[in-house]
file structure00.cif (mmCIF, C-alpha atoms)
data_my_file
#
loop_
_atom_site.label_atom_id
_atom_site.label_comp_id
_atom_site.auth_asym_id
_atom_site.auth_seq_id
_atom_site.Cartn_x
_atom_site.Cartn_y
_atom_site.Cartn_z
CA MET I 1 -25.42 -1.12 4.92
CA ARG I 2 -22.99 -1.07 1.99
CA VAL I 3 -20.21 1.37 2.96
CA PHE I 4 -17.52 3.03 0.84
CA VAL I 5 -14.35 3.74 2.86
CA THR I 6 -11.37 5.80 1.76
CA GLY I 7 -8.14 5.10 3.62
CA ALA I 8 -9.52 1.62 4.28
CA SER I 9 -6.09 -0.04 4.40
CA GLY I 10 -4.54 2.64 6.62
CA TRP I 11 -3.93 2.74 10.36
CA ILE I 12 -7.52 3.44 11.37
CA GLY I 13 -9.14 2.03 8.24
CA SER I 14 -7.65 -1.41 8.82
CA ALA I 15 -9.38 -1.45 12.22
CA LEU I 16 -12.62 0.03 10.90
CA VAL I 17 -13.09 -2.53 8.10
CA PRO I 18 -13.41 -5.55 10.45
CA GLU I 19 -15.47 -3.41 12.84
CA LEU I 20 -17.98 -2.75 10.05
CA LEU I 21 -17.94 -6.32 8.75
CA ASP I 22 -18.48 -7.75 12.23
CA ALA I 23 -21.50 -5.45 12.60
CA GLY I 24 -23.03 -6.92 9.43
CA HIS I 25 -22.13 -4.18 6.96
CA GLU I 26 -20.53 -4.65 3.55
CA VAL I 27 -17.36 -2.66 2.84
CA VAL I 28 -15.98 -1.27 -0.41
CA GLY I 29 -12.50 0.16 0.11
CA LEU I 30 -10.57 2.62 -2.06
CA ALA I 31 -7.14 1.27 -3.01
CA ARG I 32 -4.48 3.10 -4.99
CA SER I 33 -1.90 0.28 -4.90
CA ASP I 34 -1.77 -3.48 -5.32
CA ALA I 35 -0.66 -3.85 -1.71
CA SER I 36 -3.69 -1.93 -0.44
CA ALA I 37 -6.01 -3.91 -2.70
CA ASP I 38 -4.57 -7.22 -1.46
CA ALA I 39 -4.94 -6.12 2.18
CA LEU I 40 -8.58 -5.17 1.65
CA LYS I 41 -9.40 -8.44 -0.09
CA ALA I 42 -7.73 -10.40 2.72
CA ALA I 43 -9.86 -8.49 5.26
CA GLY I 44 -13.06 -9.41 3.41
CA ALA I 45 -13.76 -6.08 1.72
CA GLU I 46 -14.45 -5.30 -1.92
CA VAL I 47 -11.94 -3.10 -3.75
CA ARG I 48 -12.45 0.05 -5.81
CA ARG I 49 -9.18 1.08 -7.46
CA GLY I 50 -8.35 4.77 -7.57
CA SER I 51 -7.00 7.73 -5.60
CA LEU I 52 -8.29 10.97 -4.11
CA GLU I 53 -7.57 12.64 -7.43
CA ASP I 54 -9.98 10.32 -9.30
CA LEU I 55 -13.09 12.36 -8.56
CA GLU I 56 -15.36 10.49 -10.95
CA VAL I 57 -14.39 7.19 -9.35
CA LEU I 58 -15.24 8.67 -5.94
CA ARG I 59 -18.61 10.00 -7.10
CA GLU I 60 -19.57 6.67 -8.66
CA ALA I 61 -18.53 4.68 -5.61
CA ALA I 62 -20.49 6.96 -3.28
CA ALA I 63 -23.57 6.84 -5.51
CA GLU I 64 -23.51 3.03 -5.51
CA THR I 65 -23.26 2.61 -1.72
CA ASP I 66 -25.39 3.40 1.32
CA GLY I 67 -22.86 5.59 3.08
CA VAL I 68 -19.29 6.92 3.00
CA VAL I 69 -16.50 7.13 5.57
CA HIS I 70 -13.68 9.39 4.38
CA LEU I 71 -10.47 8.59 6.28
CA ALA I 72 -7.85 9.23 3.61
CA PHE I 73 -5.73 12.38 3.59
CA ALA I 74 -2.62 13.06 1.52
CA HIS I 75 -0.25 13.10 4.48
CA ASP I 76 2.73 12.37 2.25
CA VAL I 77 2.01 15.67 0.49
CA ALA I 78 1.09 17.57 3.67
CA PHE I 79 4.19 16.64 5.66
CA SER I 80 6.56 17.42 2.79
CA GLY I 81 5.52 21.08 2.85
CA GLY I 82 2.30 20.84 0.82
CA PHE I 83 -0.38 21.04 3.50
CA ASP I 84 -2.52 23.47 1.53
CA ARG I 85 -2.31 21.28 -1.56
CA ALA I 86 -3.32 18.21 0.47
CA ALA I 87 -6.21 20.13 2.02
CA GLY I 88 -7.29 21.24 -1.44
CA MET I 89 -7.41 17.63 -2.60
CA ASP I 90 -9.45 16.82 0.47
CA ARG I 91 -11.94 19.61 -0.24
CA ARG I 92 -12.47 18.42 -3.82
CA THR I 93 -13.09 14.91 -2.50
CA ILE I 94 -15.62 16.22 0.02
CA ASP I 95 -17.40 18.17 -2.70
CA ALA I 96 -17.53 15.08 -4.93
CA PHE I 97 -19.09 13.02 -2.14
CA GLY I 98 -21.52 15.83 -1.39
CA ASP I 99 -22.68 15.91 -5.01
CA ALA I 100 -23.14 12.13 -5.07
CA LEU I 101 -25.06 11.95 -1.79
CA ALA I 102 -27.12 15.15 -2.00
CA GLY I 103 -30.81 14.64 -1.26
CA SER I 104 -30.39 11.02 -0.20
CA ASP I 105 -30.13 11.37 3.61
CA ARG I 106 -27.32 8.83 3.42
CA PRO I 107 -24.46 9.16 5.93
CA PHE I 108 -21.10 10.74 5.20
CA VAL I 109 -18.48 10.70 7.98
CA LEU I 110 -15.32 12.80 7.61
CA ALA I 111 -12.14 12.32 9.63
CA SER I 112 -10.76 15.66 10.78
CA GLY I 113 -8.42 16.89 13.53
CA LEU I 114 -8.55 18.36 17.04
CA MET I 115 -5.39 20.46 16.75
CA LEU I 116 -6.09 24.23 16.73
CA VAL I 117 -9.81 23.84 17.46
CA ALA I 118 -9.50 25.82 20.71
CA PRO I 119 -5.82 26.28 21.59
CA GLY I 120 -5.07 26.66 25.28
CA ARG I 121 -8.43 25.51 26.61
CA VAL I 122 -10.52 22.35 26.56
CA ALA I 123 -12.23 22.16 23.16
CA THR I 124 -15.78 20.87 22.93
CA GLU I 125 -17.87 19.65 20.03
CA SER I 126 -19.59 23.06 19.90
CA ASP I 127 -16.35 24.82 18.94
CA ASN I 128 -16.40 25.29 15.17
CA ALA I 129 -12.72 26.18 14.65
CA ALA I 130 -13.78 28.58 11.91
CA ASP I 131 -11.39 31.36 12.96
CA GLY I 132 -7.68 31.30 12.36
CA PRO I 133 -5.10 31.51 9.56
CA ALA I 134 -6.19 30.77 6.02
CA THR I 135 -3.33 28.33 5.47
CA GLY I 136 -1.93 25.27 7.23
CA PRO I 137 -3.98 22.99 9.49
CA HIS I 138 -6.89 25.46 9.69
CA VAL I 139 -7.64 24.76 6.03
CA ARG I 140 -8.57 21.24 7.08
CA HIS I 141 -10.92 22.64 9.70
CA HIS I 142 -12.58 24.70 6.97
CA ASN I 143 -13.15 21.45 5.09
CA ALA I 144 -14.88 20.08 8.17
CA VAL I 145 -17.17 23.13 8.25
CA ALA I 146 -18.05 22.44 4.60
CA THR I 147 -18.87 18.84 5.48
CA VAL I 148 -21.22 19.87 8.28
CA ALA I 149 -22.94 22.21 5.80
CA LEU I 150 -23.81 19.24 3.58
CA ALA I 151 -26.65 18.54 6.02
CA GLU I 152 -28.45 21.43 4.32
CA ARG I 153 -28.25 19.48 1.04
CA GLY I 154 -29.88 16.35 2.42
CA VAL I 155 -26.73 14.48 3.48
CA ARG I 156 -26.49 12.94 6.97
CA SER I 157 -23.02 14.40 7.34
CA SER I 158 -20.85 14.26 10.44
CA VAL I 159 -17.28 15.23 11.27
CA LEU I 160 -15.21 13.11 13.62
CA ARG I 161 -12.30 15.15 14.98
CA LEU I 162 -9.37 12.94 15.88
CA PRO I 163 -6.63 13.57 18.43
CA PRO I 164 -3.05 14.02 17.17
CA THR I 165 -2.26 10.51 18.29
CA VAL I 166 -4.59 7.57 17.74
CA HIS I 167 -2.44 5.01 19.49
CA GLY I 168 -2.06 1.26 19.70
CA ASP I 169 0.28 -1.58 18.85
CA GLY I 170 1.58 -0.93 15.33
CA ASP I 171 1.15 2.87 15.39
CA ALA I 172 3.90 4.46 13.31
CA GLY I 173 2.91 8.12 13.77
CA PHE I 174 3.85 10.85 16.22
CA MET I 175 4.75 8.61 19.15
CA ALA I 176 7.02 6.34 17.12
CA THR I 177 8.69 9.44 15.68
CA LEU I 178 9.29 10.85 19.17
CA VAL I 179 10.84 7.54 20.19
CA ASP I 180 13.20 7.69 17.20
CA ILE I 181 14.17 11.28 18.05
CA ALA I 182 14.83 10.33 21.68
CA ARG I 183 16.92 7.38 20.56
CA ALA I 184 19.00 9.61 18.27
CA HIS I 185 19.60 12.24 20.98
CA GLY I 186 20.06 9.86 23.88
CA ALA I 187 17.33 11.73 25.77
CA ALA I 188 13.55 12.03 25.62
CA GLY I 189 12.78 15.70 25.20
CA TYR I 190 9.82 17.90 26.03
CA VAL I 191 9.61 21.62 25.39
CA ASP I 192 10.30 23.78 28.47
CA GLY I 193 7.87 22.75 31.23
CA GLY I 194 6.16 20.09 29.15
CA VAL I 195 2.73 21.35 30.18
CA VAL I 196 1.40 21.19 26.63
CA ARG I 197 -1.49 18.71 26.59
CA TRP I 198 -2.61 16.47 23.75
CA PRO I 199 -5.86 14.51 23.67
CA ALA I 200 -5.48 10.83 22.82
CA GLY I 201 -7.59 7.87 21.80
CA HIS I 202 -6.98 4.16 21.27
CA ARG I 203 -7.33 2.82 17.73
CA SER I 204 -9.96 0.23 18.68
CA ASP I 205 -12.15 2.86 20.34
CA VAL I 206 -11.83 5.23 17.39
CA ALA I 207 -12.78 2.52 14.90
CA ARG I 208 -15.89 1.73 16.92
CA LEU I 209 -16.79 5.42 17.05
CA PHE I 210 -16.60 5.72 13.26
CA ARG I 211 -19.07 2.83 12.99
CA LEU I 212 -21.42 4.44 15.49
CA ALA I 213 -21.22 7.76 13.64
CA LEU I 214 -22.07 6.05 10.36
CA GLU I 215 -25.03 4.28 11.93
CA GLN I 216 -26.41 6.93 14.28
CA ALA I 217 -24.93 10.44 14.05
CA PRO I 218 -27.53 13.12 13.29
CA ALA I 219 -27.01 15.30 10.21
CA GLY I 220 -24.54 18.10 10.84
CA SER I 221 -22.90 16.46 13.88
CA VAL I 222 -19.44 17.29 15.16
CA LEU I 223 -17.87 14.47 17.18
CA HIS I 224 -14.68 14.08 19.19
CA GLY I 225 -12.72 10.82 19.04
CA ASN I 226 -10.53 11.18 22.12
CA ALA I 227 -10.75 9.10 25.28
CA GLU I 228 -8.25 11.20 27.25
CA THR I 229 -8.80 14.94 27.53
CA GLY I 230 -5.13 15.90 27.60
CA VAL I 231 -1.93 13.99 28.27
CA GLU I 232 0.99 16.24 29.18
CA LEU I 233 3.90 15.86 26.77
CA ARG I 234 6.23 15.79 29.78
CA GLU I 235 4.53 12.54 30.82
CA VAL I 236 4.98 11.22 27.29
CA ALA I 237 8.70 12.05 27.39
CA GLU I 238 9.08 10.34 30.77
CA ALA I 239 7.38 7.19 29.43
CA ILE I 240 9.63 7.20 26.36
CA GLY I 241 12.62 7.66 28.64
CA ARG I 242 11.58 4.63 30.67
CA GLY I 243 11.18 2.57 27.51
CA LEU I 244 14.57 3.49 26.09
CA GLY I 245 16.46 3.76 29.37
CA VAL I 246 17.36 7.41 28.72
CA PRO I 247 16.61 10.56 30.73
CA ALA I 248 13.65 12.83 30.08
CA VAL I 249 14.93 16.39 29.60
CA ALA I 250 13.44 19.84 29.10
CA VAL I 251 14.35 21.36 25.72
CA PRO I 252 14.31 25.19 25.65
CA ALA I 253 11.76 26.56 23.18
CA GLU I 254 14.48 28.25 21.15
CA GLU I 255 16.18 24.87 20.66
CA ALA I 256 13.04 22.89 19.88
CA GLU I 257 13.42 22.96 16.10
CA ALA I 258 16.99 21.71 16.29
CA HIS I 259 15.92 18.87 18.60
CA PHE I 260 12.55 17.84 17.13
CA GLY I 261 12.89 18.97 13.51
CA TRP I 262 9.60 19.52 11.68
CA LEU I 263 7.65 18.25 14.69
CA ALA I 264 8.73 21.21 16.80
CA SER I 265 5.83 23.44 15.79
CA PHE I 266 3.33 20.88 17.09
CA PHE I 267 4.81 20.89 20.60
CA GLY I 268 3.64 24.42 21.30
CA LEU I 269 0.01 23.51 20.58
CA ASP I 270 -1.77 22.97 23.86
CA SER I 271 -4.92 21.24 22.56
CA PRO I 272 -6.93 19.46 25.28
CA ALA I 273 -10.42 18.36 24.28
CA SER I 274 -13.58 16.87 25.76
CA SER I 275 -15.61 14.07 24.14
CA ALA I 276 -18.39 14.08 26.73
CA HIS I 277 -21.09 15.12 24.26
CA THR I 278 -20.01 12.49 21.73
CA GLN I 279 -20.04 9.76 24.35
CA GLU I 280 -23.54 10.70 25.46
CA LEU I 281 -24.91 11.22 21.95
CA LEU I 282 -23.77 7.89 20.52
CA GLY I 283 -23.42 5.75 23.64
CA TRP I 284 -19.68 5.49 23.04
CA THR I 285 -17.61 4.34 26.01
CA PRO I 286 -13.84 4.14 25.34
CA GLU I 287 -12.39 0.90 26.62
CA GLY I 288 -8.82 0.76 25.29
CA PRO I 289 -5.67 1.51 27.29
CA GLY I 290 -4.46 5.09 27.68
CA LEU I 291 -1.49 6.55 25.84
CA ILE I 292 0.99 6.23 28.72
CA ALA I 293 -0.11 2.63 29.31
CA ASP I 294 0.50 1.88 25.62
CA LEU I 295 3.96 3.43 25.82
CA ASP I 296 4.76 1.47 28.97
CA ALA I 297 3.61 -1.71 27.17
CA GLY I 298 6.54 -1.24 24.79
CA HIS I 299 4.58 -0.84 21.55
CA TYR I 300 6.71 2.02 20.19
CA PHE I 301 10.26 0.93 20.64
CA THR I 302 10.95 -1.17 17.54
CA GLU I 303 13.25 0.75 15.20
CA GLY I 304 12.12 1.76 11.72
CA ARG I 305 8.42 2.10 12.46
CA THR I 306 7.84 5.78 11.65
CA GLY I 307 6.09 7.24 8.65
CA ALA I 308 2.33 6.68 8.97
CA PHE I 309 0.49 9.86 9.92
CA PHE I 310 -3.25 9.95 9.81
CA GLN I 311 -4.70 12.43 12.22
CA GLY I 312 -3.83 16.04 12.80
#
call {"tool": "encode", "arguments": {"input": "structure00.cif", "output": "structure tokens"}}
result
Amino acid sequence: MRVFVTGASGWIGSALVPELLDAGHEVVGLARSDASADALKAAGAEVRRGSLEDLEVLREAAAETDGVVHLAFAHDVAFSGGFDRAAGMDRRTIDAFGDALAGSDRPFVLASGLMLVAPGRVATESDNAADGPATGPHVRHHNAVATVALAERGVRSSVLRLPPTVHGDGDAGFMATLVDIARAHGAAGYVDGGVVRWPAGHRSDVARLFRLALEQAPAGSVLHGNAETGVELREVAEAIGRGLGVPAVAVPAEEAEAHFGWLASFFGLDSPASSAHTQELLGWTPEGPGLIADLDAGHYFTEGRTGAFFQG
């Protein structure tokens, strides 16, 4: 299969490209910079230059390949206060791919997020996350609903919801940011009782799941990419404390913003999730280490590693 991948040089994409190549597929990766293009060439992929705003480039690339995996999201825009703008770019990209693939029964796999799918209880693949505010992260869930609907247009579409942390050696997202915050404060914080739970998945397992979704997922599928149902953020803080040699401390909710900055709003989102249906449907068995094991392995304690956010 000849596969077009957006975000191919990113955190998950750089694991997915060799996963696809090793399985005998050809890969065409979207690159908006020389550095991304060089990384893709070095990995053995072809390069299509452009960005998520180059809709004609996206349509042409999709039309010329046998399937699409859409990993890219404008996180630089989203995390600087422009989440709705980033989600709007994402929706236009989804629509462009839908137009190119309509009536072909070719696969289209979208990366989405598990946050806010079913706050406060264990989310399953049958939860559609259609209710909620019209702005912020829920806009991205609406994009996932639109992707599932492409099955009605003859696209073998699927949505792979990712946990807030897809972890592994080299991850520069939420966990690395929490380590930097703990280092700055001299303490690893968690909000109040720390009973908020986040699902988690290892990068290698998630990359394999994207391949399986591309190859096997039925049209209109919703999949979950987490190996662990919910890791308590208190446990995360304790592991960070061990790594830095600082105490783990409870931060009162009213002081969370001062302590965690823009991340504070995420720490009230209790978002456990099951991936049992996904594992059974696609024969996916996660094999990578858990989040606490990765923290205890010391992968997150090199300074200056923050800044790469993919999932949400």
call {"tool": "closest_residue", "arguments": {"input": "structure00.cif", "among": "I:Val68, I:Leu214, I:Pro252, I:Gly268", "to": "Glu232 (chain I)", "atoms": "all atoms listed in the file"}}
result
I:Gly268
call {"tool": "resolve_selection", "arguments": {"input": "structure00.cif", "expression": "the PyMOL selection byres ((chain I and resi 238-243) around 10)", "output": "PyMOL selection string"}}
result
chain I and resi 175-176+178-180+182-183+186-190+233-237+244-249+291-301
call {"tool": "atom_distance", "arguments": {"input": "structure00.cif", "atom1": "CA of His202 (chain I)", "atom2": "CA of Val69 (chain I)"}}
result
18.6 Å
call {"tool": "residues_near_point", "arguments": {"input": "structure00.cif", "point": "(-21.6, 2.2, 15.8)", "cutoff": "9 Å", "atoms": "only C-alpha atoms", "output": "PyMOL selection string"}}
result
chain I and resi 19-20+23+207-216+282-284
call {"tool": "closest_residue", "arguments": {"input": "structure00.cif", "among": "I:Glu46, I:Glu303, I:Glu60, I:Asp84", "to": "Gly98 (chain I)", "atoms": "all atoms listed in the file"}}
result
I:Glu60
call {"tool": "axis_aligned_box", "arguments": {"input": "structure00.cif", "around": "region 176-189 of chain I", "padding_each_side": "8 Å", "output": "JSON"}}
result
{"center_x": 13.5, "center_y": 11.0, "center_z": 20.7, "size_x": 29.0, "size_y": 25.4, "size_z": 26.1}
call {"tool": "resolve_selection", "arguments": {"input": "structure00.cif", "expression": "the PyMOL selection byres ((chain I and resi 148-151) around 8)", "output": "list in words"}}
result
Gly98, Ala102, Ala144, Val145, Ala146, Thr147, Glu152, Arg153, Gly154, Val155, Arg156, Ser157, Ser158, Val159, Ala219, Gly220, Ser221 and Val222 of chain I
call {"tool": "atom_distance", "arguments": {"input": "structure00.cif", "atom1": "CA of Asp127 (chain I)", "atom2": "CA of Arg140 (chain I)"}}
result
14.6 Å
call {"tool": "closest_residue", "arguments": {"input": "structure00.cif", "among": "I:Ala184, I:Ala276, I:Ala8, I:Val206", "to": "Ala37 (chain I)", "atoms": "only C-alpha atoms"}}
result
I:Ala8
call {"tool": "atom_distance", "arguments": {"input": "structure00.cif", "atom1": "CA of Thr165 (chain I)", "atom2": "CA of Asn143 (chain I)"}}
result
20.3 Å
call {"tool": "closest_residue", "arguments": {"input": "structure00.cif", "among": "I:Leu52, I:Gly7, I:Asp38, I:Asp105", "to": "Pro218 (chain I)", "atoms": "all atoms listed in the file"}}
result
I:Asp105
call {"tool": "residues_around", "arguments": {"input": "structure00.cif", "residues": "Pro272 (chain I)", "least_positions_apart": "6", "cutoff": "9 Å", "atoms": "all atoms listed in the file", "output": "CSV table (one decimal) with C-alpha atoms, in the frame of the given file"}}
result
chain,number,residue,atom,x,y,z
I,114,LEU,CA,-8.6,18.4,17.0
I,115,MET,CA,-5.4,20.5,16.8
I,118,ALA,CA,-9.5,25.8,20.7
I,119,PRO,CA,-5.8,26.3,21.6
I,120,GLY,CA,-5.1,26.7,25.3
I,121,ARG,CA,-8.4,25.5,26.6
I,122,VAL,CA,-10.5,22.4,26.6
I,123,ALA,CA,-12.2,22.2,23.2
I,196,VAL,CA,1.4,21.2,26.6
I,197,ARG,CA,-1.5,18.7,26.6
I,198,TRP,CA,-2.6,16.5,23.8
I,199,PRO,CA,-5.9,14.5,23.7
I,228,GLU,CA,-8.2,11.2,27.2
I,229,THR,CA,-8.8,14.9,27.5
I,230,GLY,CA,-5.1,15.9,27.6
I,231,VAL,CA,-1.9,14.0,28.3
call {"tool": "closest_residue", "arguments": {"input": "structure00.cif", "among": "I:Val47, I:Ala39, I:Val191, I:Val3", "to": "Ala256 (chain I)", "atoms": "all atoms listed in the file"}}
result
I:Val191
call {"tool": "residues_around", "arguments": {"input": "structure00.cif", "residues": "region 90-92 of chain I", "least_positions_apart": "3", "cutoff": "12 Å", "atoms": "all atoms listed in the file", "output": "ChimeraX atom specification"}}
result
/I:6,51-56,58-59,70-75,77-78,83-87,95-99,110-112,139-147
call {"tool": "residues_around", "arguments": {"input": "structure00.cif", "residues": "Thr65 (chain I)", "least_positions_apart": "4", "cutoff": "9 Å", "atoms": "all atoms listed in the file", "output": "PDB file with C-alpha atoms, in the coordinates of the input"}}
result
ATOM      1  CA  MET I   1     -25.420  -1.120   4.920  1.00  0.00           C
ATOM      2  CA  ARG I   2     -22.990  -1.070   1.990  1.00  0.00           C
ATOM      3  CA  VAL I   3     -20.210   1.370   2.960  1.00  0.00           C
ATOM      4  CA  PHE I   4     -17.520   3.030   0.840  1.00  0.00           C
ATOM      5  CA  VAL I  28     -15.980  -1.270  -0.410  1.00  0.00           C
ATOM      6  CA  GLU I  60     -19.570   6.670  -8.660  1.00  0.00           C
ATOM      7  CA  ALA I  61     -18.530   4.680  -5.610  1.00  0.00           C
TER       8      ALA I  61
END
call {"tool": "closest_residue", "arguments": {"input": "structure00.cif", "among": "I:Gly225, I:Pro286, I:Gly103, I:Gly261", "to": "Leu160 (chain I)", "atoms": "all atoms listed in the file"}}
result
I:Gly225
call {"tool": "build_atoms", "arguments": {"input": "structure00.cif", "residues": "region 190-204 of chain I", "atoms": "N, CA, C and O atoms", "output": "compact mmCIF listing (two decimals), keeping the file's coordinate frame"}}
result
# COMPACT_ATOMS: atom_id res chain seq x y z
N TYR I 190 11.10 17.19 26.02
CA TYR I 190 9.82 17.90 26.03
C TYR I 190 10.15 19.38 26.09
O TYR I 190 11.19 19.77 26.61
N VAL I 191 9.30 20.20 25.51
CA VAL I 191 9.61 21.62 25.39
C VAL I 191 9.34 22.32 26.71
O VAL I 191 8.24 22.25 27.27
N ASP I 192 10.38 23.01 27.23
CA ASP I 192 10.30 23.78 28.47
C ASP I 192 9.64 22.96 29.58
O ASP I 192 10.11 21.89 29.91
N GLY I 193 8.50 23.43 30.10
CA GLY I 193 7.87 22.75 31.23
C GLY I 193 7.09 21.51 30.87
O GLY I 193 6.64 20.78 31.75
N GLY I 194 6.88 21.28 29.58
CA GLY I 194 6.16 20.09 29.15
C GLY I 194 4.69 20.09 29.51
O GLY I 194 4.06 19.04 29.58
N VAL I 195 4.12 21.29 29.76
CA VAL I 195 2.73 21.35 30.18
C VAL I 195 1.76 21.35 29.01
O VAL I 195 0.55 21.40 29.20
N VAL I 196 2.27 21.33 27.79
CA VAL I 196 1.40 21.19 26.63
C VAL I 196 0.66 19.86 26.71
O VAL I 196 1.25 18.82 26.99
N ARG I 197 -0.66 19.90 26.46
CA ARG I 197 -1.49 18.71 26.59
C ARG I 197 -2.05 18.31 25.23
O ARG I 197 -2.52 19.16 24.47
N TRP I 198 -2.00 17.02 24.95
CA TRP I 198 -2.61 16.47 23.75
C TRP I 198 -3.69 15.48 24.13
O TRP I 198 -3.48 14.60 24.97
N PRO I 199 -4.86 15.56 23.50
CA PRO I 199 -5.86 14.51 23.67
C PRO I 199 -5.37 13.23 22.99
O PRO I 199 -4.50 13.27 22.11
N ALA I 200 -5.92 12.11 23.39
CA ALA I 200 -5.48 10.83 22.82
C ALA I 200 -6.65 9.85 22.81
O ALA I 200 -7.58 9.95 23.61
N GLY I 201 -6.58 8.91 21.88
CA GLY I 201 -7.59 7.87 21.80
C GLY I 201 -6.99 6.58 21.27
O GLY I 201 -6.06 6.62 20.45
N HIS I 202 -7.49 5.45 21.73
CA HIS I 202 -6.98 4.16 21.27
C HIS I 202 -7.64 3.80 19.94
O HIS I 202 -8.83 4.07 19.71
N ARG I 203 -6.87 3.17 19.07
CA ARG I 203 -7.33 2.82 17.73
C ARG I 203 -8.63 2.02 17.75
O ARG I 203 -9.54 2.27 16.94
N SER I 204 -8.76 1.06 18.64
CA SER I 204 -9.96 0.23 18.68
C SER I 204 -11.19 1.05 19.03
O SER I 204 -12.28 0.85 18.47
